[in-house]
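Structure first, commentary second.
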Amino acid sequence: MITMHSSLRDAYGGKARAIDLILLILAVILNSILFSSNEYLSSITSFSPSQIELFTKILALLVFLISVILLLVNWKQSLENHKSACNRLFMLLNECRQLIEESGESPQTETFNKKYEEVMASIVPIPDAKFNRLKSHHLRKVEFSKYLDRNKAKPFWLCKLDFFIKSFNASNN
């Protein structure tokens, strides 16, 4: 679950940053055009003042459209939801590890089970459409980690290449 939420957190974070950068660049271009006269811009480019005016209107519409899309998709909120889920699950995992060290059935185990149920009920769920892809990603991550443990002397890039090649052979068997 931590891997799934961190993958979604990173994906939404990347999308949010990318669209913010695009919006910022378009806004800077739009403002640069708006604060320059069409005659001046047509003298330094091959466009006529009417073409520049049309381009300015299209660019303004594009900035507005991207802003509305940002409000609808709300990637930053999804980023925060999955970030929070990651943090809560990680704290739960650490608590679980402490209980395993102590081992045995105890009142702490009951407390942990209650906390687990609370955390699972309060975090954002993994979307069904993304679950299998994220589970596959997690399983590959675990297997690659084991592969790295077995091949400590190999450079990382060679391990990655070797693991990738061997993954095709393993899927044929």
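Residue numbers start at 1 in each chain; chains themselves are named A, B, ... in the order of the structure tokens; ligands are numbered from 1 in the order shown.
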Neighbour list for A:Met120 as a short mmCIF file (atom, residue, chain, number, x, y, z; two decimals) with C-alpha atoms, in the first residue's frame, cut-off 10 Å, only C-alpha atoms, skip fewer than 4 positions in-chain:
data_model
loop_
_atom_site.label_atom_id
_atom_site.label_comp_id
_atom_site.auth_asym_id
_atom_site.auth_seq_id
_atom_site.Cartn_x
_atom_site.Cartn_y
_atom_site.Cartn_z
CA ALA A 85 -1.78 8.10 3.18
CA ARG A 88 0.17 7.34 7.93
CA LEU A 89 0.86 3.89 6.50
CA LYS A 114 -7.74 -0.67 15.92
CA LYS A 115 -5.22 1.85 14.60
CA TYR A 116 -4.91 -0.15 11.39
CA VAL A 124 -7.83 7.78 0.21
CA PRO A 125 -8.42 4.42 -1.51
#
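Comparing A:Ile52, A:Ile66, A:Ile33, A:Leu41 by their smallest distance to A:Ala16, the closest is A:Ile66 (using only C-alpha atoms).
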For this session: Name the residues in contact with A:Glu110 at a cut-off of 12 Å, using only C-alpha atoms, excluding same-chain residues fewer than 6 positions from it; report them as a PyMOL selection string.
Result: chain A and resi 96+99+104+116-117
For this session: Pick out the closest residue to A:Lys141 from this set: A:Gln77, A:Ile126, A:Phe163, A:Ile25. Count only C-alpha atoms.
Result: A:Phe163
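Of the residues under consideration (A:Ser84, A:Thr3, A:Ser36, A:Ser46), A:Thr3 shows the shortest atom-to-atom contact distance to A:His137 when counting only C-alpha atoms.
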Exercise. Suppose you want the space between atom CA of A:Leu8 and atom CA of A:Phe164; what is it in Å?
Worked result: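 Those two atoms sit 22.9 Å apart.
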Problem set entry | Nearest candidate to A:Ser50 (options A:Asn169, A:Ser122, A:Ser37, A:Ser78; using only C-alpha atoms) | A:Ser37
For this session: Go through A:Cys86, A:Val119, A:Leu23, A:Leu65 and flag the residue nearest A:Ser7, using only C-alpha atoms for the distances.
Result: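 When distances to A:Ser7 are compared using only C-alpha atoms, the smallest one comes from A:Cys86.
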For this session: Skip A:Leu54 itself and residues of its chain fewer than 6 positions away, then list as number ranges by chain all residues within 12 Å of it, counting only C-alpha atoms.
Result: A: 30, 33-34, 38, 47-48, 60-61
